[in-house]
Structures are given as C-alpha cells and as structure tokens.
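Colleague: Right, I'll just put the structure down here and ask away after.
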Amino acid sequence: MRIGMEAEKKEKYRQSLENFVMGHTEDVLKQPREFIHYPFIDPGSVYDGNVWDWDTFWSVYGFLNLADKYGDGTGSVAGDSPAGKGGSGVGGGPESGAGMRERLIEHAKGNIRNFFDHQLEDGYIPMMIEVADWPEPYLNMKHKEGILMNMHKPFLCSQICLISDYIKDYSWAEEFFEGIERYFACYDKNYYFENCGLYVWCDDIMIGMDNDPATFGRPKFSTANIYLNSFMCTEFSAAERICRRFGKGDRAEYYKEKGRKLTEAIQRECWDKRDEFFYSVDVDIKTRKFDWFHQGLGVFWKTLPIKIRVWSGFIPMYAKIATKEQAAAMVRHIFDEKTFGSEYGLVTLAKDEKMFDLSVTNNPSNWLGPIWGVANYVVFRGLLNYGYQKEAEIMYERTLTLLGRDLEKTGSLHEYYNPFTGEPIMNGGFINWNILALNMAEELRGKKPMLWFEGEER
C-alpha cells in the first residue's frame with residue numbers, strides 16, 4: 001500500500017479530468033423526448049437518452065460539486081465543449097457561468113420529475129426510463145401486466161436531498177411527498193421480508209451491479225443484497241430529512257425508526273464474524289417437511305450468508321452503519337493484493353473468487369472484477385467516514401492515476417477498467433460517476449460530501 005504520487009502529476013491529472021468533464025457537460029444534459037417529459041442527465045456513451053436511477057444520483061452528486069466553477073476561470077477553458085450541442089461551451093459567455101449552474105439544477109430536478117411522472121398507482125417507479133418502440137417505460141408495461149420486477153433503487157429521496165441541500169430549498173419537492181410515501185409502501189409490500197427484516201431483489205434485472213454473483217442467476221426473491229439494504233439505510237435518512245423539512249415530524253420519526261431496525265437486521269444477518277465482512281444473504285430459508293420427516297427441531301436461522309466477497313460488502317462504511325471495529329477489519333480487505341487491492345483502486349469481485357472475470361460485456365455490464373469509479377468513490381467515502389485519511393488518499397491517487405492515464409492515452413473516459421493494467425475495457429465517452437474522482441479531491445481538502453447525514457457514525 002503506497003502513497004505519494006508527485007504533487008505536480010496529481011494536479012495535472014486532476015485538472016485534465018476537470019477540464020474534460022466540464023468540457024463535455026453538454027453531452028449528457030438531455031432535453032425532453034416523447035414520454036420523457038422533463039430535462040434529464042444521462043450517463044453518456046452507449047446510454048444516450050436513458051434516465052437511470054442510481055446513475056442520475058451520482059451524476060448530480062458529481063456535477064453539483066463542480067457547478068460553481070463553470071465560467072469562474074478555475075475549470076475548463078473556452079472551446080472545450082463540442083460545438084453545435086445547444087450551448088456556448090464551458091468558460092465562454094453567460095451560459096458557461098450562472099447559466100450552466102442553473103441548467104444543471106434544472107436537469108437534476110428533471111430527473112426526479114421524470115421518475116414521479118411515471119409512478120404507478122401502487123407506488124411502483126421504474127429503475128430506468130428509455131424511449132423505444134413502446135408507449136411508456138418498459139418496466140411499467142410489465143408491471144401493469146402483473147409481472148413484478150425490481151423497482152427504482154433506493155436513491156430517490158437521496159437525490160431530492162442532494163439537490164435541495166445544494167440550492168438550500170426543499171419547497172420544489174413538496175409536491176412529491178405523497179409519491180414518496182407510496183414509493184416506500186411499494187417497497188414494503190413487495191420487497192420486504194419481515195422474517196429477517198431485510199429487503200430483497202425480486203430478480204437479477206437492473207440491480208445496479210448487473211452480474212453480482214450474490215444475485216445474478218439466482219432464484220427470484222431469494223437474495224437480500226447488502227447493496228440494496230445498505231443504500232436503503234441512507235434512503236431512510238434522506239426520507240427523514242425530507243419529512244422534517246416539510247414539518248412532518250411524526251413521519252420523520254417513522255423513517256428514522258425504519259432505518260434503525262434495518263441497520264439492526266443488517267448487523268444481525270449480514271455481518272460475518274469469522275470472515276469480518278458484510279455479505280448478501282439467502283432468505284429462502286425454511287423447514288421443508290415431507291410426510292413424517294423433519295418433525296423435530298426445524299430451521300431456526302432466518303438467512304444464510306452468500307459467502308462471495310463483492311465490493312458491496314464495503315457499502316456499510318459509506319452508509320455509516322458499520323461499527324468502528326468492523327470498519328478496522330474491512331480496511332485490511334480493501335488493500336489486500338490477493339483479494340480487493342489494485343494499483344487502480346478496488347477490484348469489484350475478490351480476485352480469488354471463482355467467478356472473477358474481465359470479459360467485455362454489456363447487458364449485463366461486468367462487475368466480476370473490473371474497476372468501476374463508483375465503487376472506488378463509495379469505498380473512499382467510507383474510509384473518510386471512519387477516519388482513515390491516509391487510506392482515502394491512496395484510493396484517490398489510484399483512481400486519479402486510472403482516469404488520468406486514460407485521458408492521456410485515449411482522450412476520453414470509459415465505463416470500467418482492467419484492474420491489472422488500468423486499460424479501459426469498454427464504453428468510451430462514459431462520464432457519470434467518473435466525475436467522483438473530483439469529489440474525492442475536494443473532500444480530502446476538507447469539503448463535506450455533497451450528501452451528508454450528521455451524527456450517524458457507530
């Protein structure tokens with residue numbers, strides 16, 4: 001575990017990344033089309049024109065961190081943005097300053113408006129909205145047919161708080177309060193297993209980490225994924241904050257209590273004392289009687305750990321639901337070169353898992369080992385949450401090296417990377433959570449993360 005990239009090279013890579021992102025902002029700010037009725041932000045690359053749940057959250061998280069820099073002389077220079085894209089280019093003219101900031105806010109709010117625009121009566125909200133040869137979002141069509149699939153991942157309230165905290169105004173979102181209540185009610189009705197107190201994926205479609213072996217290829221409603229449950233904890237914190245801003249103290253306490261109970265369930269069911277790691281768990285556990293068999297002591301455990309070491313096991317540090325002792329144990333995993341450690345950040349599946357694979361694949365994307373910028377950031381933030389400043393600096397330098405070299409060699413950024421060589425694997429032009437390396441730089445200088453919940457470290 002080494003630290004100490006030359007300051008000059010570090011600043012060069014940081015500046016080149018900032019220039020690239022700010023110079024290509026226009027590429028991902030999309031206007032309404034067909035049944036997408038509001039402006040939105042897409043991830044770039046092959047995902048042109050798609051409104052995704054957690055992708056939009058992280059895009060907004062990164063862009064709002066930069067929003068005040070557009071046109072102030074500290075970021076990209078005039079002419080970096082492609083011509084003919086409907087804007088004046090970063091750094092030149094009024095559009096690149098206050099105008100770009102306001103557009104970013106407009107498109108961020110548009111993300112939220114688009115999702116609520118397609119919320120169904122039972123509270124269901126699709127994970128992704130894509131215009132194609134159908135009259136409404138595909139997932140809504142399936143839902144109306146009675147086919148239950150996964151719904152909007154737990155980043156909806158989090159994105160509302162992210163935007164509202166930045167603009168210091170929650171009033172724009174008050175119209176969505178009833179929809180927020182129905183969104184959680186839909187989760188509780190269809191995806192919550194009371195027996196163990198955890199949320200489950202319905203299936204393995206659009207689960208964020210597309211081919212996570214803890215869920216991918218497994219039976220429907222069998223996996224309480226640590227990704228889903230950890231981010232649901234932060235979503236409950238966001239819901240609590242929204243309720244308090246709207247003067248709904250009783251509902252705020254309700255969501256606070258739900259977050260507390262979910263945290264207890266994660267600790268009880270997902271933490272493995274022997275391996276010192278958080279695992280996803282199998283919830284399809286029950287005594288299966290047959291004739292006169294199994295009449296005695298039955299299955300009394302509520303879950304079984306799915307002992308596959310996936311990067312999502314570190315999300316409890318980001319969500320601040322790990323204990324200090326658990327965090328100390330997990331830090332050793334992060335930098336273990338035999339498992340998760342890489343000179344370019346964090347391997348998304350431990351190298352010694354039999355599913356480890358670096359294949360070029362889309363639909364599903366490959367989370368079986370490649371480096372993903374969002375995983376690097378989530379782990380980075382978790383390290384800072386528990387006071388591991390030096391280790392967070394290492395994660396930042398490795399991420400910056402990865403992206404800086406990509407820009408030097410290809411002039412672009414990519415979706416995911418080879419953890420041994422740092423070479424891009426596929427999807428050039430991908431912006432999205434690659435921006436988060438710039439958030440890392442700011443946070444190491446003392447800036448709070450763009451979404452922050454006080455007093456929740458354990």
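Order determines the names: the first chain of the structure tokens is A, the second B, and so forth; residues in each chain are numbered 1 upward, and ligands are numbered 1 upward as they are shown.
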Give me the residues within 12 Å of His152 of chain A as a VMD selection string, counting only C-alpha atoms and dropping any in the same chain fewer than 2 places off.
Modeller: chain A and resid 51 to 57 112 115 to 116 118 to 120 123 to 129 139 to 140 149 to 150 154 to 157 180 183 to 184 186 to 187 191 201 to 202 205 to 208 228 232 235
Colleague: Just the residues within 6 Å of segment 305-316 of chain A, please, counting only C-alpha atoms, with nothing from its chain fewer than 6 positions along; format it as a count of residues only.
Modeller: 10
Colleague: Could you make a table, as a tab-separated table, of the residues of segment 270-356 of chain A that have an atom within 9 Å of an atom of segment 406-423 of chain A, each with its nearest atom pair and distance in Å to one decimal, counting only C-alpha atoms, in chain and number order?
Modeller:
```
residue	atom	partner	partner_atom	distance
A:Gly341	CA	A:Pro419	CA	8.9
A:Ser342	CA	A:Pro419	CA	5.9
A:Glu343	CA	A:Pro419	CA	7.3
A:Tyr344	CA	A:Pro419	CA	6.2
A:Gly345	CA	A:Pro419	CA	7.7
A:Leu346	CA	A:Pro419	CA	7.8
A:Val347	CA	A:Pro419	CA	6.4
```
Colleague: Given the selection you just returned, output its residues as a file containing N, CA and C atoms, formatted as a PDB file, in the first residue's frame.
Modeller:
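As a result, again-v2.pdb now contains:
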```
ATOM      1  N   GLY A 341      -7.308  -5.504  -3.484  1.00  0.00           N
ATOM      2  CA  GLY A 341      -6.355  -4.445  -3.767  1.00  0.00           C
ATOM      3  C   GLY A 341      -5.923  -4.380  -5.221  1.00  0.00           C
ATOM      4  N   SER A 342      -5.834  -3.153  -5.744  1.00  0.00           N
ATOM      5  CA  SER A 342      -5.355  -2.914  -7.107  1.00  0.00           C
ATOM      6  C   SER A 342      -4.652  -1.570  -7.128  1.00  0.00           C
ATOM      7  N   GLU A 343      -3.675  -1.439  -8.012  1.00  0.00           N
ATOM      8  CA  GLU A 343      -2.991  -0.156  -8.169  1.00  0.00           C
ATOM      9  C   GLU A 343      -3.916   0.907  -8.755  1.00  0.00           C
ATOM     10  N   TYR A 344      -5.123   0.517  -9.141  1.00  0.00           N
ATOM     11  CA  TYR A 344      -6.058   1.455  -9.760  1.00  0.00           C
ATOM     12  C   TYR A 344      -7.348   1.604  -8.955  1.00  0.00           C
ATOM     13  N   GLY A 345      -7.325   1.108  -7.721  1.00  0.00           N
ATOM     14  CA  GLY A 345      -8.485   1.260  -6.860  1.00  0.00           C
ATOM     15  C   GLY A 345      -8.920  -0.054  -6.262  1.00  0.00           C
ATOM     16  N   LEU A 346     -10.205  -0.350  -6.403  1.00  0.00           N
ATOM     17  CA  LEU A 346     -10.786  -1.525  -5.769  1.00  0.00           C
ATOM     18  C   LEU A 346     -11.316  -2.499  -6.815  1.00  0.00           C
ATOM     19  N   VAL A 347     -10.900  -3.739  -6.730  1.00  0.00           N
ATOM     20  CA  VAL A 347     -11.457  -4.788  -7.589  1.00  0.00           C
ATOM     21  C   VAL A 347     -12.892  -5.048  -7.131  1.00  0.00           C
TER      22      VAL A 347
END
```
Colleague: Rank nothing, just name the residue among A:Gln295, A:Asn65, A:Ser45, A:Thr215 nearest to Ala437 of chain A, using only C-alpha atoms.
Modeller: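 Using only C-alpha atoms, Ala437 of chain A sits closest to A:Asn65.
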Colleague: Between A:Ile431, A:Val299, A:Ala224, A:Met450, which is the closest to Asp27 of chain A once you count only C-alpha atoms?
Modeller: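 Ranked by minimum distance to Asp27 of chain A, first place goes to A:Ile431.
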Colleague: Restricting the calculation to only C-alpha atoms, which member of A:Gly249, A:Gly259, A:Pro43, A:Gly404 is positioned closest to Lys12 of chain A?
Modeller: A:Gly404
Colleague: Taking only segment 72-224 of chain A into account, list the residues labelled strand (DSSP E) by DSSP (computed from the backbone), as a list of chain:residue names.
Modeller: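 Here is the list: A:Met128, A:Ile129, A:Glu130, A:Tyr192, A:Phe193, A:Leu198, A:Tyr199, A:Thr223, A:Ala224.
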Colleague: Could you write those residues out with C-alpha atoms, as a short mmCIF file (atom, residue, chain, number, x, y, z; two decimals), in the first residue's frame?
Modeller:
```cif
data_model
loop_
_atom_site.label_atom_id
_atom_site.label_comp_id
_atom_site.auth_asym_id
_atom_site.auth_seq_id
_atom_site.Cartn_x
_atom_site.Cartn_y
_atom_site.Cartn_z
CA MET A 128 -34.91 3.18 -15.95
CA ILE A 129 -36.86 5.19 -18.49
CA GLU A 130 -35.89 4.64 -22.11
CA TYR A 192 -39.53 -6.60 2.34
CA PHE A 193 -39.13 -9.90 4.20
CA LEU A 198 -34.32 -7.17 5.14
CA TYR A 199 -35.22 -6.07 1.61
CA THR A 223 -31.35 -12.57 -2.12
CA ALA A 224 -31.28 -9.82 0.47
#
```
Colleague: Quick check, in Å to one decimal: how far apart do atom CA of Tyr166 of chain A and atom CA of Ile105 of chain A lie?
Modeller: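 Pair atom CA of Tyr166 of chain A / atom CA of Ile105 of chain A returns 9.1 Å.
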Colleague: So, counting only C-alpha atoms, which residue among A:Ser359, A:Leu262, A:Asn385, A:Phe277 is closest to Met317 of chain A?
Modeller: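 Nearest to Met317 of chain A: A:Asn385.
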Colleague: With a distance cut-off of 12 Å and only C-alpha atoms, select the neighbouring residues of Trp301 of chain A, excluding the residue or stretch itself and same-chain residues fewer than 3 positions from it, and output the selection as a PyMOL selection string.
Modeller: chain A and resi 195-196+268-269+281-287+297-298+304-305
Colleague: Rounded to one decimal, what separation in Å do you get between atom CA of Tyr377 of chain A and atom CA of Met151 of chain A?
Modeller: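 Taking atom CA of Tyr377 of chain A and atom CA of Met151 of chain A, their separation equals 24.1 Å.
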Colleague: Write out as a ChimeraX atom specification all residues of segment 168-404 of chain A that backbone DSSP assigns to helix (DSSP H, G or I).
Modeller: /A:171-191,226-245,249-270,311-318,324-334,373-385,389-404
Colleague: If you keep C-alpha atoms, can you produce a file of those selected residues as an mmCIF file, in the first residue's frame?
Modeller:
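New file result31.cif:
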```cif
data_model
loop_
_atom_site.group_PDB
_atom_site.id
_atom_site.type_symbol
_atom_site.label_atom_id
_atom_site.label_comp_id
_atom_site.auth_asym_id
_atom_site.auth_seq_id
_atom_site.Cartn_x
_atom_site.Cartn_y
_atom_site.Cartn_z
ATOM 1 C CA SER A 171 -40.107 23.584 -1.477
ATOM 2 C CA TRP A 172 -39.832 22.442 -5.122
ATOM 3 C CA ALA A 173 -40.119 18.810 -3.975
ATOM 4 C CA GLU A 174 -43.111 19.139 -1.668
ATOM 5 C CA GLU A 175 -45.464 18.087 -4.460
ATOM 6 C CA PHE A 176 -43.775 14.675 -4.452
ATOM 7 C CA PHE A 177 -44.351 13.890 -0.767
ATOM 8 C CA GLU A 178 -47.374 11.666 -1.319
ATOM 9 C CA GLY A 179 -45.458 9.867 -4.069
ATOM 10 C CA ILE A 180 -42.544 9.291 -1.701
ATOM 11 C CA GLU A 181 -44.876 7.635 0.793
ATOM 12 C CA ARG A 182 -46.280 5.364 -1.922
ATOM 13 C CA TYR A 183 -42.769 4.536 -3.153
ATOM 14 C CA PHE A 184 -41.790 3.209 0.273
ATOM 15 C CA ALA A 185 -45.135 1.455 0.675
ATOM 16 C CA CYS A 186 -44.496 -0.369 -2.596
ATOM 17 C CA TYR A 187 -41.068 -1.457 -1.372
ATOM 18 C CA ASP A 188 -42.525 -2.717 1.908
ATOM 19 C CA LYS A 189 -45.369 -4.584 0.231
ATOM 20 C CA ASN A 190 -43.363 -6.319 -2.491
ATOM 21 C CA TYR A 191 -39.691 -6.480 -1.500
ATOM 22 C CA ILE A 226 -26.079 -5.928 1.011
ATOM 23 C CA TYR A 227 -26.060 -3.258 -1.720
ATOM 24 C CA LEU A 228 -29.841 -2.850 -1.601
ATOM 25 C CA ASN A 229 -30.091 -2.834 2.184
ATOM 26 C CA SER A 230 -27.132 -0.550 2.878
ATOM 27 C CA PHE A 231 -28.310 2.102 0.432
ATOM 28 C CA MET A 232 -31.846 1.726 1.791
ATOM 29 C CA CYS A 233 -30.469 2.879 5.151
ATOM 30 C CA THR A 234 -29.229 6.119 3.580
ATOM 31 C CA GLU A 235 -32.567 6.419 1.755
ATOM 32 C CA PHE A 236 -34.423 6.266 5.064
ATOM 33 C CA SER A 237 -32.149 9.015 6.421
ATOM 34 C CA ALA A 238 -32.998 11.097 3.359
ATOM 35 C CA ALA A 239 -36.729 10.452 3.850
ATOM 36 C CA GLU A 240 -36.413 11.521 7.470
ATOM 37 C CA ARG A 241 -34.752 14.774 6.423
ATOM 38 C CA ILE A 242 -37.423 15.488 3.800
ATOM 39 C CA CYS A 243 -40.194 14.920 6.349
ATOM 40 C CA ARG A 244 -38.590 17.302 8.831
ATOM 41 C CA ARG A 245 -38.192 19.987 6.151
ATOM 42 C CA GLY A 249 -42.252 15.196 12.474
ATOM 43 C CA ASP A 250 -44.232 12.020 13.029
ATOM 44 C CA ARG A 251 -43.319 10.693 9.600
ATOM 45 C CA ALA A 252 -39.710 11.711 10.157
ATOM 46 C CA GLU A 253 -39.619 9.576 13.297
ATOM 47 C CA TYR A 254 -41.265 6.732 11.374
ATOM 48 C CA TYR A 255 -38.484 6.660 8.753
ATOM 49 C CA LYS A 256 -35.804 7.119 11.389
ATOM 50 C CA GLU A 257 -37.119 4.039 13.183
ATOM 51 C CA LYS A 258 -37.248 2.065 9.936
ATOM 52 C CA GLY A 259 -33.605 2.930 9.346
ATOM 53 C CA ARG A 260 -32.686 1.862 12.873
ATOM 54 C CA LYS A 261 -34.434 -1.500 12.516
ATOM 55 C CA LEU A 262 -32.886 -2.128 9.119
ATOM 56 C CA THR A 263 -29.428 -1.371 10.493
ATOM 57 C CA GLU A 264 -30.007 -3.886 13.282
ATOM 58 C CA ALA A 265 -31.102 -6.511 10.749
ATOM 59 C CA ILE A 266 -28.003 -5.904 8.603
ATOM 60 C CA GLN A 267 -25.781 -6.288 11.651
ATOM 61 C CA ARG A 268 -27.597 -9.422 12.762
ATOM 62 C CA GLU A 269 -27.899 -11.175 9.401
ATOM 63 C CA CYS A 270 -25.165 -9.842 7.097
ATOM 64 C CA TRP A 311 -17.189 -4.781 -3.264
ATOM 65 C CA SER A 312 -20.696 -4.065 -1.957
ATOM 66 C CA GLY A 313 -19.584 -5.545 1.353
ATOM 67 C CA PHE A 314 -17.899 -2.182 1.993
ATOM 68 C CA ILE A 315 -21.036 -0.082 1.439
ATOM 69 C CA PRO A 316 -21.941 -0.228 5.178
ATOM 70 C CA MET A 317 -18.930 2.031 5.754
ATOM 71 C CA TYR A 318 -20.309 4.557 3.257
ATOM 72 C CA LYS A 324 -15.601 1.143 14.261
ATOM 73 C CA GLU A 325 -14.292 -2.349 14.928
ATOM 74 C CA GLN A 326 -15.916 -3.697 11.772
ATOM 75 C CA ALA A 327 -14.500 -0.829 9.732
ATOM 76 C CA ALA A 328 -11.000 -1.529 11.031
ATOM 77 C CA ALA A 329 -11.291 -5.149 9.914
ATOM 78 C CA MET A 330 -12.631 -4.235 6.473
ATOM 79 C CA VAL A 331 -9.872 -1.740 5.749
ATOM 80 C CA ARG A 332 -7.480 -4.696 5.680
ATOM 81 C CA HIS A 333 -9.616 -6.328 2.981
ATOM 82 C CA ILE A 334 -9.653 -3.175 0.835
ATOM 83 C CA GLY A 373 -15.317 4.614 -10.499
ATOM 84 C CA VAL A 374 -18.404 4.474 -8.293
ATOM 85 C CA ALA A 375 -17.012 1.569 -6.250
ATOM 86 C CA ASN A 376 -13.762 3.479 -5.742
ATOM 87 C CA TYR A 377 -15.678 6.528 -4.522
ATOM 88 C CA VAL A 378 -18.035 4.670 -2.192
ATOM 89 C CA VAL A 379 -15.080 2.933 -0.549
ATOM 90 C CA PHE A 380 -13.124 6.217 -0.431
ATOM 91 C CA ARG A 381 -16.015 7.931 1.345
ATOM 92 C CA GLY A 382 -16.376 5.035 3.742
ATOM 93 C CA LEU A 383 -12.699 5.328 4.657
ATOM 94 C CA LEU A 384 -13.082 9.023 5.458
ATOM 95 C CA ASN A 385 -16.261 8.346 7.443
ATOM 96 C CA GLN A 389 -7.420 9.707 5.892
ATOM 97 C CA LYS A 390 -4.188 8.154 4.598
ATOM 98 C CA GLU A 391 -6.013 5.188 3.116
ATOM 99 C CA ALA A 392 -8.550 7.500 1.465
ATOM 100 C CA GLU A 393 -5.686 9.461 -0.075
ATOM 101 C CA ILE A 394 -4.343 6.227 -1.560
ATOM 102 C CA MET A 395 -7.737 5.381 -3.045
ATOM 103 C CA TYR A 396 -7.925 8.877 -4.557
ATOM 104 C CA GLU A 397 -4.432 8.664 -6.079
ATOM 105 C CA ARG A 398 -5.143 5.271 -7.586
ATOM 106 C CA THR A 399 -8.417 6.481 -9.063
ATOM 107 C CA LEU A 400 -6.789 9.628 -10.419
ATOM 108 C CA THR A 401 -3.978 7.588 -11.981
ATOM 109 C CA LEU A 402 -6.533 5.345 -13.693
ATOM 110 C CA LEU A 403 -8.562 8.180 -15.196
ATOM 111 C CA GLY A 404 -5.626 10.489 -15.864
#
```
Colleague: Between A:Met141, A:Ala319, A:Met355, A:Leu64, which one has atoms that come closest to Leu436 of chain A, using only C-alpha atoms?
Modeller: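 Of all the options, A:Leu64 lies closest to Leu436 of chain A.
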